[in-house]
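*Asks:* My structure is in query.cif, and what it holds is mmCIF, C-alpha atoms:
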data_target
#
loop_
_atom_site.label_atom_id
_atom_site.label_comp_id
_atom_site.auth_asym_id
_atom_site.auth_seq_id
_atom_site.Cartn_x
_atom_site.Cartn_y
_atom_site.Cartn_z
CA MET A 1 0.75 122.75 52.15
CA ASN A 2 -0.23 120.08 49.65
CA TYR A 3 1.66 116.79 49.76
CA THR A 4 1.60 113.85 47.38
CA LEU A 5 0.46 110.71 49.21
CA GLY A 6 0.83 107.18 47.90
CA TYR A 7 -0.99 104.08 49.09
CA SER A 8 -2.43 100.93 47.57
CA PRO A 9 -6.05 100.07 46.72
CA CYS A 10 -5.91 97.17 49.18
CA PRO A 11 -8.56 97.27 51.93
CA ASN A 12 -6.13 97.96 54.76
CA ASP A 13 -4.71 101.06 53.06
CA THR A 14 -8.01 102.52 51.87
CA PHE A 15 -9.44 101.89 55.35
CA ILE A 16 -6.51 103.66 57.01
CA PHE A 17 -6.47 106.72 54.75
CA TYR A 18 -10.19 107.28 54.07
CA ALA A 19 -10.75 109.83 56.83
CA LEU A 20 -7.50 111.68 56.15
CA VAL A 21 -7.99 112.18 52.41
CA HIS A 22 -11.70 112.99 52.82
CA LYS A 23 -10.91 115.57 55.52
CA LYS A 24 -12.85 113.77 58.23
CA VAL A 25 -9.81 114.42 60.39
CA GLY A 26 -7.58 117.46 60.22
CA CYS A 27 -3.87 117.76 59.59
CA ALA A 28 -2.87 121.29 60.59
CA GLY A 29 -4.13 122.70 57.30
CA ASN A 30 -2.18 120.28 55.11
CA ASP A 31 -3.83 118.67 52.07
CA PHE A 32 -2.99 115.51 50.15
CA THR A 33 -3.01 114.53 46.49
CA VAL A 34 -3.49 110.76 46.34
CA HIS A 35 -1.56 108.41 44.07
CA MET A 36 -3.04 104.93 44.37
CA GLU A 37 -0.76 102.15 43.09
CA ASP A 38 0.25 98.60 43.98
CA VAL A 39 2.96 98.43 46.61
CA GLU A 40 5.80 97.53 44.24
CA THR A 41 5.00 100.56 42.08
CA LEU A 42 5.00 102.67 45.25
CA ASN A 43 8.39 101.20 46.18
CA GLN A 44 9.79 102.25 42.82
CA MET A 45 8.24 105.71 43.05
CA ALA A 46 9.83 106.16 46.47
CA LEU A 47 13.17 105.00 45.11
CA GLU A 48 12.90 107.85 42.58
CA GLY A 49 11.71 110.31 45.24
CA ARG A 50 8.47 111.00 43.40
CA LEU A 51 6.14 111.04 46.42
CA ASP A 52 6.22 113.14 49.58
CA ILE A 53 4.58 110.50 51.77
CA THR A 54 4.01 106.91 50.75
CA LYS A 55 3.36 103.35 51.80
CA VAL A 56 6.42 101.20 51.16
CA SER A 57 7.41 97.61 51.79
CA ALA A 58 9.55 97.14 54.86
CA ALA A 59 12.10 95.51 52.55
CA ALA A 60 12.35 98.71 50.49
CA TYR A 61 13.18 101.02 53.36
CA GLY A 62 16.92 100.41 53.35
CA HIS A 63 17.06 101.60 49.75
CA ILE A 64 15.26 104.90 50.46
CA SER A 65 16.31 105.70 54.02
CA GLY A 66 18.59 108.51 52.93
CA MET A 67 15.62 110.37 51.47
CA TYR A 68 12.74 109.18 53.67
CA ALA A 69 12.02 108.70 57.37
CA LEU A 70 9.49 106.17 58.62
CA LEU A 71 6.38 107.38 60.40
CA ARG A 72 5.09 105.47 63.41
CA SER A 73 1.49 105.12 62.22
CA GLY A 74 -0.27 103.74 59.16
CA GLY A 75 1.99 100.76 58.56
CA ALA A 76 1.34 97.04 58.40
CA ALA A 77 2.88 94.59 60.85
CA GLY A 78 1.51 91.92 63.11
CA TRP A 79 1.16 88.32 64.13
CA GLY A 80 -0.08 85.64 61.77
CA CYS A 81 -0.20 87.97 58.79
CA GLY A 82 2.93 87.17 56.79
CA PRO A 83 3.13 86.08 53.16
CA LEU A 84 2.31 82.52 52.17
CA LEU A 85 4.16 80.24 49.79
CA VAL A 86 1.64 78.21 47.78
CA SER A 87 1.71 75.69 44.95
CA GLY A 88 -0.67 74.28 42.40
CA GLU A 89 -1.12 70.82 40.97
CA ARG A 90 1.06 71.45 37.92
CA LEU A 91 4.49 71.26 39.51
CA SER A 92 7.57 71.00 37.28
CA ASP A 93 11.27 70.60 37.94
CA ARG A 94 11.78 74.30 37.29
CA LYS A 95 10.08 75.40 40.51
CA ARG A 96 9.41 78.81 39.00
CA LEU A 97 8.28 81.24 41.70
CA ALA A 98 5.83 84.08 41.03
CA ILE A 99 6.52 87.10 43.23
CA PRO A 100 4.77 90.47 43.68
CA GLY A 101 7.95 92.52 43.25
CA LEU A 102 11.71 92.54 43.73
CA MET A 103 11.54 95.10 46.54
CA THR A 104 8.67 93.50 48.44
CA THR A 105 8.90 92.12 51.95
CA ALA A 106 7.48 88.84 50.67
CA TYR A 107 10.35 88.27 48.26
CA MET A 108 13.03 89.16 50.80
CA LEU A 109 11.39 86.96 53.41
CA ALA A 110 11.24 84.05 50.95
CA GLY A 111 14.97 84.39 50.36
CA MET A 112 15.65 84.27 54.09
CA TYR A 113 13.49 81.17 54.39
CA ASP A 114 15.13 79.35 51.46
CA SER A 115 17.78 80.99 49.27
CA LYS A 116 16.96 78.63 46.40
CA LEU A 117 13.59 80.33 46.01
CA ARG A 118 15.43 83.30 44.49
CA ASP A 119 16.91 81.25 41.64
CA ASN A 120 13.97 81.18 39.22
CA ILE A 121 11.42 83.94 39.60
CA VAL A 122 8.81 85.77 37.59
CA VAL A 123 7.53 89.18 38.72
CA MET A 124 3.85 90.02 38.32
CA PRO A 125 1.14 92.08 40.04
CA PHE A 126 0.10 90.38 43.28
CA ASP A 127 -3.47 89.79 42.05
CA LYS A 128 -2.18 87.80 39.05
CA ILE A 129 -0.13 85.34 41.10
CA MET A 130 -2.85 82.92 42.18
CA PRO A 131 -4.30 82.51 38.67
CA ALA A 132 -0.76 82.05 37.31
CA VAL A 133 0.02 79.25 39.75
CA ARG A 134 -3.37 77.65 39.17
CA ASP A 135 -2.83 77.70 35.39
CA GLY A 136 0.71 76.36 35.55
CA GLU A 137 2.44 79.57 34.49
CA ALA A 138 4.37 79.35 37.76
CA ASP A 139 4.99 76.42 40.08
CA LEU A 140 4.98 78.39 43.31
CA GLY A 141 3.53 81.72 44.30
CA LEU A 142 4.13 84.26 47.05
CA ILE A 143 0.71 85.28 48.31
CA ILE A 144 0.14 88.59 50.10
CA HIS A 145 -2.81 90.71 51.18
CA GLU A 146 -6.25 89.09 50.92
CA GLY A 147 -4.75 86.10 49.08
CA ARG A 148 -4.33 84.37 52.43
CA PHE A 149 -8.14 84.18 52.65
CA THR A 150 -8.81 83.11 49.05
CA TYR A 151 -5.92 80.95 47.75
CA GLN A 152 -7.85 77.72 48.37
CA ASP A 153 -10.56 78.96 46.00
CA TYR A 154 -7.94 78.64 43.25
CA GLY A 155 -7.17 75.03 44.18
CA LEU A 156 -3.79 75.99 45.65
CA THR A 157 -1.96 74.28 48.49
CA LEU A 158 -0.04 75.91 51.32
CA VAL A 159 3.67 75.08 51.21
CA ALA A 160 4.91 77.40 53.96
CA ASP A 161 3.62 80.24 56.10
CA LEU A 162 6.58 82.61 55.97
CA GLY A 163 5.15 84.82 58.68
CA ALA A 164 4.89 81.91 61.09
CA TRP A 165 8.47 80.95 60.21
CA TRP A 166 9.64 84.52 60.89
CA GLN A 167 7.89 84.61 64.26
CA MET A 168 9.47 81.31 65.31
CA GLU A 169 12.92 82.57 64.26
CA THR A 170 12.72 85.99 65.90
CA GLY A 171 9.81 86.18 68.31
CA LEU A 172 8.85 89.45 66.58
CA PRO A 173 5.83 90.54 64.54
CA VAL A 174 6.17 90.41 60.76
CA PRO A 175 7.13 93.87 59.41
CA LEU A 176 5.22 94.09 56.14
CA GLY A 177 5.00 97.77 55.28
CA ALA A 178 5.37 101.26 56.65
CA ILE A 179 4.60 104.87 55.81
CA ALA A 180 7.62 106.89 54.73
CA ALA A 181 7.80 110.69 54.59
CA LYS A 182 10.50 112.73 52.94
CA ARG A 183 13.14 113.96 55.36
CA GLU A 184 12.93 117.41 53.79
CA ILE A 185 9.48 117.76 55.37
CA GLN A 186 9.97 119.50 58.70
CA THR A 187 10.04 117.24 61.75
CA GLU A 188 7.08 119.05 63.29
CA THR A 189 5.03 118.59 60.12
CA ARG A 190 5.92 114.89 59.92
CA ALA A 191 4.68 114.54 63.51
CA GLN A 192 1.42 116.27 62.57
CA ILE A 193 0.96 113.90 59.62
CA ASP A 194 1.71 110.95 61.89
CA ASP A 195 -0.96 112.11 64.34
CA ALA A 196 -3.44 112.66 61.51
CA ILE A 197 -2.95 109.14 60.14
CA ARG A 198 -3.46 107.76 63.63
CA ALA A 199 -6.67 109.78 63.94
CA SER A 200 -7.75 108.51 60.51
CA VAL A 201 -7.43 104.90 61.70
CA SER A 202 -9.47 105.69 64.81
CA TYR A 203 -12.14 107.40 62.72
CA ALA A 204 -12.36 104.42 60.37
CA TYR A 205 -12.98 101.97 63.20
CA ALA A 206 -15.53 104.32 64.76
CA ASN A 207 -17.33 104.79 61.44
CA ILE A 208 -16.96 101.45 59.69
CA ASP A 209 -20.08 101.62 57.51
CA GLU A 210 -19.10 105.02 56.13
CA THR A 211 -15.49 104.00 55.54
CA MET A 212 -16.44 100.71 53.91
CA THR A 213 -18.15 102.51 51.02
CA TYR A 214 -14.74 103.86 50.01
CA VAL A 215 -12.98 100.56 50.69
CA ARG A 216 -15.47 98.55 48.60
CA HIS A 217 -15.00 100.85 45.63
CA TYR A 218 -11.42 99.60 45.26
CA ALA A 219 -12.09 96.00 46.30
CA GLN A 220 -15.10 95.23 44.14
CA GLU A 221 -14.18 91.59 43.52
CA LEU A 222 -13.92 90.80 47.22
CA SER A 223 -16.79 89.86 49.49
CA ASP A 224 -17.48 91.95 52.58
CA GLU A 225 -16.39 88.99 54.70
CA VAL A 226 -12.98 88.85 53.03
CA ILE A 227 -12.60 92.63 53.17
CA MET A 228 -13.30 92.77 56.90
CA SER A 229 -11.03 89.78 57.59
CA HIS A 230 -8.30 91.62 55.70
CA ILE A 231 -8.84 94.83 57.67
CA ARG A 232 -8.99 93.14 61.08
CA LEU A 233 -5.74 91.31 60.37
CA TYR A 234 -3.68 94.12 58.86
CA VAL A 235 -5.07 97.24 60.56
CA ASN A 236 -4.12 96.62 64.16
CA GLU A 237 -2.27 98.17 67.09
CA PHE A 238 0.88 98.43 64.98
CA SER A 239 -1.05 100.56 62.48
CA MET A 240 -1.79 103.02 65.26
CA ASP A 241 1.83 103.08 66.44
CA CYS A 242 4.57 100.67 65.46
CA GLY A 243 6.00 100.85 68.97
CA ALA A 244 9.26 99.35 70.11
CA LEU A 245 8.31 95.90 68.79
CA GLY A 246 7.49 97.19 65.32
CA ALA A 247 10.71 99.18 65.12
CA ALA A 248 12.73 96.18 66.32
CA ALA A 249 11.03 93.97 63.73
CA ILE A 250 12.14 96.19 60.83
CA GLU A 251 15.67 96.51 62.21
CA THR A 252 15.96 92.73 62.70
CA PHE A 253 14.46 92.08 59.27
CA MET A 254 17.06 94.20 57.50
CA GLU A 255 19.93 92.76 59.56
CA MET A 256 18.90 89.16 58.83
CA ALA A 257 18.65 89.97 55.13
CA ARG A 258 22.10 91.55 55.26
CA GLN A 259 23.60 88.53 57.03
CA ARG A 260 22.18 86.25 54.34
CA GLY A 261 23.54 88.40 51.55
CA ILE A 262 20.06 89.32 50.30
CA TYR A 263 20.29 93.00 51.15
CA LYS A 264 23.52 94.96 50.75
CA GLY A 265 22.34 98.49 51.39
CA LYS A 266 22.72 100.77 54.36
CA PRO A 267 21.74 99.61 57.86
#
Would you mind writing the file out in structure tokens?
*Replies:*
Amino acid sequence: MNYTLGYSPCPNDTFIFYALVHKKVGCAGNDFTVHMEDVETLNQMALEGRLDITKVSAAAYGHISGMYALLRSGGAAGWGCGPLLVSGERLSDRKRLAIPGLMTTAYMLAGMYDSKLRDNIVVMPFDKIMPAVRDGEADLGLIIHEGRFTYQDYGLTLVADLGAWWQMETGLPVPLGAIAAKREIQTETRAQIDDAIRASVSYAYANIDETMTYVRHYAQELSDEVIMSHIRLYVNEFSMDCGALGAAAIETFMEMARQRGIYKGKP
């Protein structure tokens, strides 16, 4: 069977899926047609049911849970890896916030942290946020992915580490993203895909030089040091299996958002 598979060009995703999509690990005869997009585009594609298996923001799951089930492997969660709120020198009274998408975990987490941050926003691709804040097109920016390693290069200042705030509030890892598979895919097949993704992660860590050729192709503007820092932070034990902590983190995340009136979907 051939399934459509969506993930982002970010180093953690290309690292995770390299072995699977290049058939370095098997998946019970199943093949995958890759759709590589930024995470907010993937969220929207999942909302429309356009992909069989896809990376989604944790914040998006409540909107698609009727159509998709979460897999246990391949996701992004952890300690000290949450989004950052940064500012530039050109602050104005508007406090316009640049965000990477309305359905992203970063945006929902920012609203939990301070509801006023949702009052004046501008949506843009995540890689445009730091230049926009630097150039005064936005006063504040929500930084995700490798931005946590490079924001100072843009002359930006850390305002708040939203991941650290979340951990202090809940004692749980930050649930950033997960892999969702359509519920119409048989349970046994979903389990096989889950196992294959887990094997793909193991293969990547056992064959880093080989895997990095693929990763670098989609991260050409990043140094190897930044790429590896990104991978070590975001591809961790929760990427192998979310476990009870990872599952609790997503459940708590959605419940807190619901209590604050940010999310009004299904539990």
*Asks:* How close does segment 19-134 of chain A get to segment 209-223 of chain A? List, as a tab-separated table, each residue of segment 19-134 of chain A within 12 Å, its nearest atom pair and the distance in Å to one decimal, counting only C-alpha atoms.
*Replies:*
residue	atom	partner	partner_atom	distance
A:Ala19	CA	A:Thr211	CA	7.6
A:Leu20	CA	A:Thr211	CA	11.1
A:Val21	CA	A:Tyr214	CA	11.0
A:His22	CA	A:Tyr214	CA	10.0
A:Lys24	CA	A:Thr211	CA	10.5
A:Met36	CA	A:Tyr218	CA	10.0
A:Glu37	CA	A:Tyr218	CA	11.2
A:Asp38	CA	A:Tyr218	CA	11.8
A:Asp127	CA	A:Glu221	CA	11.0
*Asks:* Between A:Ser87, A:Ser229, A:Ser57, A:Thr187, which residue has the minimum interatomic distance to Ala160 of chain A, considering only C-alpha atoms?
*Replies:*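 Using only C-alpha atoms, Ala160 of chain A sits closest to A:Ser87.
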*Asks:* Restricting the calculation to only C-alpha atoms, which member of A:Leu233, A:Ile185, A:Met1, A:Ala58 is positioned closest to Glu251 of chain A?
*Replies:*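 Ranked by minimum distance to Glu251 of chain A, first place goes to A:Ala58.
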*Asks:* Env of Gly78 of chain A: 8 Å cut, atoms = only C-alpha atoms, seq-sep filter 6 positions within chain, self excluded. Answer as a ChimeraX atom specification.
*Replies:* /A:173-175,233-234,236,238
*Asks:* Between atom CA of His35 of chain A and atom CA of Val133 of chain A, what is the distance, to one decimal in Å?
*Replies:*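 Straight-line distance from atom CA of His35 of chain A to atom CA of Val133 of chain A works out to 29.5 Å.
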*Asks:* If you measure from atom CA of Leu84 of chain A to atom CA of Asp161 of chain A, what distance in Å do you get, rounded to one decimal?
*Replies:*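 Going from atom CA of Leu84 of chain A over to atom CA of Asp161 of chain A covers 4.7 Å.
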*Asks:* At most 9 Å from (-6.7, 94.0, 57.9), file frame, all atoms listed in the file: which residues, as a PyMOL selection string?
*Replies:* chain A and resi 11-13+15+76+81+145-146+227-236
*Asks:* Quote the spacing between atom CA of Gly163 of chain A and atom CA of Phe126 of chain A in Å to one decimal place.
*Replies:*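 Taking atom CA of Gly163 of chain A and atom CA of Phe126 of chain A, their separation equals 17.1 Å.
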*Asks:* Here's the selection I'm unsure about, the PyMOL selection byres ((chain A and resi 199-203) around 8); applied to the file above, which residues does it give, as a PDB file with C-alpha atoms, in the frame of the given file?
*Replies:*
ATOM      1  CA  PHE A  15      -9.440 101.890  55.350  1.00  0.00           C
ATOM      2  CA  ILE A  16      -6.510 103.660  57.010  1.00  0.00           C
ATOM      3  CA  PHE A  17      -6.470 106.720  54.750  1.00  0.00           C
ATOM      4  CA  TYR A  18     -10.190 107.280  54.070  1.00  0.00           C
ATOM      5  CA  ALA A  19     -10.750 109.830  56.830  1.00  0.00           C
ATOM      6  CA  LEU A  20      -7.500 111.680  56.150  1.00  0.00           C
ATOM      7  CA  LYS A  24     -12.850 113.770  58.230  1.00  0.00           C
ATOM      8  CA  VAL A  25      -9.810 114.420  60.390  1.00  0.00           C
ATOM      9  CA  GLY A  74      -0.270 103.740  59.160  1.00  0.00           C
ATOM     10  CA  ASP A 195      -0.960 112.110  64.340  1.00  0.00           C
ATOM     11  CA  ALA A 196      -3.440 112.660  61.510  1.00  0.00           C
ATOM     12  CA  ILE A 197      -2.950 109.140  60.140  1.00  0.00           C
ATOM     13  CA  ARG A 198      -3.460 107.760  63.630  1.00  0.00           C
ATOM     14  CA  ALA A 204     -12.360 104.420  60.370  1.00  0.00           C
ATOM     15  CA  TYR A 205     -12.980 101.970  63.200  1.00  0.00           C
ATOM     16  CA  ALA A 206     -15.530 104.320  64.760  1.00  0.00           C
ATOM     17  CA  ASN A 207     -17.330 104.790  61.440  1.00  0.00           C
ATOM     18  CA  SER A 239      -1.050 100.560  62.480  1.00  0.00           C
ATOM     19  CA  MET A 240      -1.790 103.020  65.260  1.00  0.00           C
TER      20      MET A 240
END
*Asks:* Quick one: 8 Å padding each side, axis-aligned, all listed atoms of segment 6-22 of chain A - centre and edge lengths in Å to one decimal, as AutoDock Vina command-line options?
*Replies:*
--center_x -5.4 --center_y 105.1 --center_z 51.9 --size_x 28.5 --size_y 31.8 --size_z 26.3
*Asks:* Kindly resolve the PyMOL selection byres ((chain A and resi 248) around 12) on the present coordinates and return the residues as a CSV table (one decimal) with C-alpha atoms, keeping the file's coordinate frame.
*Replies:*
chain,number,residue,atom,x,y,z
A,58,ALA,CA,9.6,97.1,54.9
A,77,ALA,CA,2.9,94.6,60.8
A,170,THR,CA,12.7,86.0,65.9
A,171,GLY,CA,9.8,86.2,68.3
A,172,LEU,CA,8.8,89.4,66.6
A,173,PRO,CA,5.8,90.5,64.5
A,174,VAL,CA,6.2,90.4,60.8
A,175,PRO,CA,7.1,93.9,59.4
A,242,CYS,CA,4.6,100.7,65.5
A,243,GLY,CA,6.0,100.8,69.0
A,244,ALA,CA,9.3,99.4,70.1
A,245,LEU,CA,8.3,95.9,68.8
A,246,GLY,CA,7.5,97.2,65.3
A,247,ALA,CA,10.7,99.2,65.1
A,249,ALA,CA,11.0,94.0,63.7
A,250,ILE,CA,12.1,96.2,60.8
A,251,GLU,CA,15.7,96.5,62.2
A,252,THR,CA,16.0,92.7,62.7
A,253,PHE,CA,14.5,92.1,59.3
A,254,MET,CA,17.1,94.2,57.5
A,255,GLU,CA,19.9,92.8,59.6
A,256,MET,CA,18.9,89.2,58.8
*Asks:* Using only C-alpha atoms, can you list as number ranges by chain the residues within 6 Å of (8.5, 101.5, 58.8)?
*Replies:* A: 58, 70, 178-179
*Asks:* Pick out the closest residue to Ala191 of chain A from this set: A:Lys95, A:Lys128, A:Arg50, A:Arg72. Count only C-alpha atoms.
*Replies:*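 Smallest distance to Ala191 of chain A is found for A:Arg72.
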